[in-house]
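Visitor: Here's a structure for you.
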Amino acid sequence: GGSTAISGSGAVVAKFRQDVEQKLLDFKQDVTLTCLKVPVSIGDVTRDLPLDQKQSVTMDILKYVVYEQAEEVGEDRWIAAREPSEFLDECVVAVYKEGHAPESVLEDLNKGELPDEIVQQQRAMRQARVKEVARKETKEDE
């Protein structure tokens, strides 16, 4: 047989990419739609994989696929943003056509997409630094 069917994690990611691309192409054709919600679920994507291969498919890979396809199909004019999710193994990436992304999404993009934990750590460090500076200043005033 001359079929080179890739099995395993590469294949399921490739299939996910095709599914996402098809959704985005349909979205592009439909002028009435301005936002497409792309569900991303590790459980769905890796359903048929053996356990030892499931680990190699991460949320970051799947999110990257959606962002990459949104850039490609939208010719760099669309905005893809992950919606907040309480689950680690699933989320929704919202893809907005040019000029339709809500203000809050644009603000988040400008801040850069940082996970909440990192933002909190940075905030804590910043506050500690501010306190330290304040403490030094009061000492110098004495």
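Just so we're on the same page: first chain in the structure tokens is A, next is B, and so on; residues restart at 1 for each chain, and ligands are numbered from 1 in the order they show up.
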Segment 9-54 of chain A: which residues are alpha helix (DSSP H) by DSSP, as a list in words?

Guide: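 Matching residues, listed in order: Ser9, Gly10, Ala11, Val12, Val13, Ala14, Lys15, Phe16, Arg17, Gln18, Asp19, Val20, Glu21, Gln22, Lys23, Leu24, Leu25, Asp26, Phe27, Lys28, Gln29, Ile42, Gly43, Asp44, Val45, Leu51, Asp52, Gln53 and Lys54 of chain A.
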
Visitor: Pull N, CA, C and O atoms from the residues just selected and write them as a short mmCIF file (atom, residue, chain, number, x, y, z; two decimals), in the first residue's frame.

Guide:
```cif
data_model
loop_
_atom_site.label_atom_id
_atom_site.label_comp_id
_atom_site.auth_asym_id
_atom_site.auth_seq_id
_atom_site.Cartn_x
_atom_site.Cartn_y
_atom_site.Cartn_z
N SER A 9 0.15 11.44 17.63
CA SER A 9 -0.17 12.81 18.02
C SER A 9 -0.05 13.79 16.86
O SER A 9 -0.84 14.72 16.74
N GLY A 10 0.93 13.56 15.97
CA GLY A 10 1.07 14.45 14.82
C GLY A 10 -0.17 14.44 13.95
O GLY A 10 -0.63 15.47 13.47
N ALA A 11 -0.75 13.24 13.78
CA ALA A 11 -1.93 13.10 12.93
C ALA A 11 -3.14 13.79 13.53
O ALA A 11 -3.90 14.45 12.83
N VAL A 12 -3.34 13.64 14.84
CA VAL A 12 -4.54 14.26 15.43
C VAL A 12 -4.42 15.78 15.43
O VAL A 12 -5.40 16.48 15.24
N VAL A 13 -3.19 16.29 15.59
CA VAL A 13 -3.00 17.74 15.54
C VAL A 13 -3.24 18.22 14.10
O VAL A 13 -3.87 19.25 13.88
N ALA A 14 -2.77 17.45 13.13
CA ALA A 14 -2.99 17.81 11.73
C ALA A 14 -4.48 17.81 11.40
O ALA A 14 -4.98 18.69 10.70
N LYS A 15 -5.20 16.83 11.93
CA LYS A 15 -6.64 16.77 11.68
C LYS A 15 -7.34 17.96 12.35
O LYS A 15 -8.23 18.58 11.76
N PHE A 16 -6.91 18.28 13.56
CA PHE A 16 -7.47 19.43 14.27
C PHE A 16 -7.23 20.70 13.44
O PHE A 16 -8.12 21.54 13.28
N ARG A 17 -6.02 20.80 12.88
CA ARG A 17 -5.69 21.98 12.07
C ARG A 17 -6.63 22.08 10.86
O ARG A 17 -7.12 23.16 10.53
N GLN A 18 -6.89 20.94 10.22
CA GLN A 18 -7.79 20.95 9.07
C GLN A 18 -9.20 21.36 9.47
O GLN A 18 -9.86 22.14 8.77
N ASP A 19 -9.66 20.83 10.60
CA ASP A 19 -11.01 21.18 11.08
C ASP A 19 -11.11 22.68 11.34
O ASP A 19 -12.09 23.32 10.95
N VAL A 20 -10.09 23.21 12.01
CA VAL A 20 -10.09 24.64 12.34
C VAL A 20 -10.06 25.46 11.05
O VAL A 20 -10.79 26.43 10.90
N GLU A 21 -9.20 25.02 10.12
CA GLU A 21 -9.08 25.76 8.86
C GLU A 21 -10.42 25.79 8.13
O GLU A 21 -10.84 26.83 7.61
N GLN A 22 -11.13 24.65 8.11
CA GLN A 22 -12.42 24.58 7.44
C GLN A 22 -13.42 25.53 8.10
O GLN A 22 -14.14 26.26 7.42
N LYS A 23 -13.44 25.53 9.42
CA LYS A 23 -14.34 26.44 10.15
C LYS A 23 -14.04 27.89 9.78
O LYS A 23 -14.95 28.69 9.57
N LEU A 24 -12.75 28.21 9.73
CA LEU A 24 -12.35 29.60 9.45
C LEU A 24 -12.66 29.98 8.01
O LEU A 24 -13.04 31.12 7.74
N LEU A 25 -12.51 29.02 7.09
CA LEU A 25 -12.82 29.32 5.69
C LEU A 25 -14.32 29.57 5.53
O LEU A 25 -14.73 30.49 4.81
N ASP A 26 -15.14 28.77 6.22
CA ASP A 26 -16.59 28.99 6.18
C ASP A 26 -16.92 30.37 6.77
O ASP A 26 -17.76 31.11 6.24
N PHE A 27 -16.25 30.68 7.87
CA PHE A 27 -16.43 31.96 8.56
C PHE A 27 -16.07 33.12 7.62
O PHE A 27 -16.75 34.13 7.55
N LYS A 28 -14.98 32.94 6.87
CA LYS A 28 -14.52 33.98 5.96
C LYS A 28 -15.55 34.22 4.86
O LYS A 28 -15.80 35.36 4.47
N GLN A 29 -16.15 33.12 4.37
CA GLN A 29 -17.13 33.23 3.29
C GLN A 29 -18.41 33.92 3.75
O GLN A 29 -19.10 34.57 2.95
N ILE A 42 -8.64 19.27 24.51
CA ILE A 42 -7.64 18.21 24.40
C ILE A 42 -8.32 16.85 24.39
O ILE A 42 -7.97 15.96 23.62
N GLY A 43 -9.36 16.70 25.21
CA GLY A 43 -10.08 15.43 25.28
C GLY A 43 -10.64 15.01 23.93
O GLY A 43 -10.54 13.86 23.53
N ASP A 44 -11.23 15.98 23.21
CA ASP A 44 -11.79 15.68 21.90
C ASP A 44 -10.70 15.32 20.90
O ASP A 44 -10.81 14.35 20.16
N VAL A 45 -9.65 16.14 20.88
CA VAL A 45 -8.60 15.95 19.88
C VAL A 45 -7.87 14.62 20.09
O VAL A 45 -7.53 13.93 19.13
N LEU A 51 -2.72 6.23 25.53
CA LEU A 51 -2.41 7.10 26.67
C LEU A 51 -1.03 7.73 26.57
O LEU A 51 -0.85 8.91 26.85
N ASP A 52 -0.02 6.95 26.15
CA ASP A 52 1.35 7.47 26.15
C ASP A 52 1.53 8.58 25.13
O ASP A 52 2.51 9.31 25.17
N GLN A 53 0.60 8.71 24.17
CA GLN A 53 0.75 9.77 23.18
C GLN A 53 -0.10 10.99 23.52
O GLN A 53 0.11 12.07 22.97
N LYS A 54 -1.03 10.81 24.43
CA LYS A 54 -1.89 11.94 24.79
C LYS A 54 -1.08 13.09 25.36
O LYS A 54 -1.37 14.25 25.10
#
```

Visitor: Would you please extract all strand (DSSP E or B) residues from segment 5-131 of chain A, as assigned by DSSP on the backbone, and give them as a PyMOL selection string?

Guide: chain A and resi 35-41+79-82+90-96

Visitor: Which residue out of A:Ile61, A:Val73, A:Leu36, A:Val31 has the minimum interatomic distance to Tyr96 of chain A when only C-alpha atoms are used?

Guide: A:Leu36

Visitor: Would you pick out the contacts of Asp60 of chain A at 12 Å or less, using only C-alpha atoms, so that residues sharing its chain but fewer than 6 positions from it are not included, and give the list as an MDAnalysis selection string?

Guide: chainID A and resid 13 40:42 66:68 82 88:91 93 115

Visitor: Using only C-alpha atoms, which residue out of A:Gly8, A:Lys97, A:Val65, A:Glu107 lies closest to Asp48 of chain A?

Guide: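 Using only C-alpha atoms, Asp48 of chain A sits closest to A:Gly8.
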
Visitor: Quick one: of A:Leu62, A:Ile79, A:Leu109, A:Val133, who's nearest to Val95 of chain A, counting only C-alpha atoms?

Guide: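 Among the listed residues, the smallest separation from Val95 of chain A belongs to A:Ile79.
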
Visitor: Which is closest to Gly99 of chain A among A:Pro39, A:Asp76, A:Thr34, A:Glu137, if we use only C-alpha atoms?

Guide: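 Smallest separation from Gly99 of chain A among the options: A:Thr34.
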
Visitor: In terms of the shortest atom-to-atom distance over only C-alpha atoms, which of A:Leu33, A:Val92, A:Ala80, A:Val130 is closest to Met59 of chain A?

Guide: A:Val92
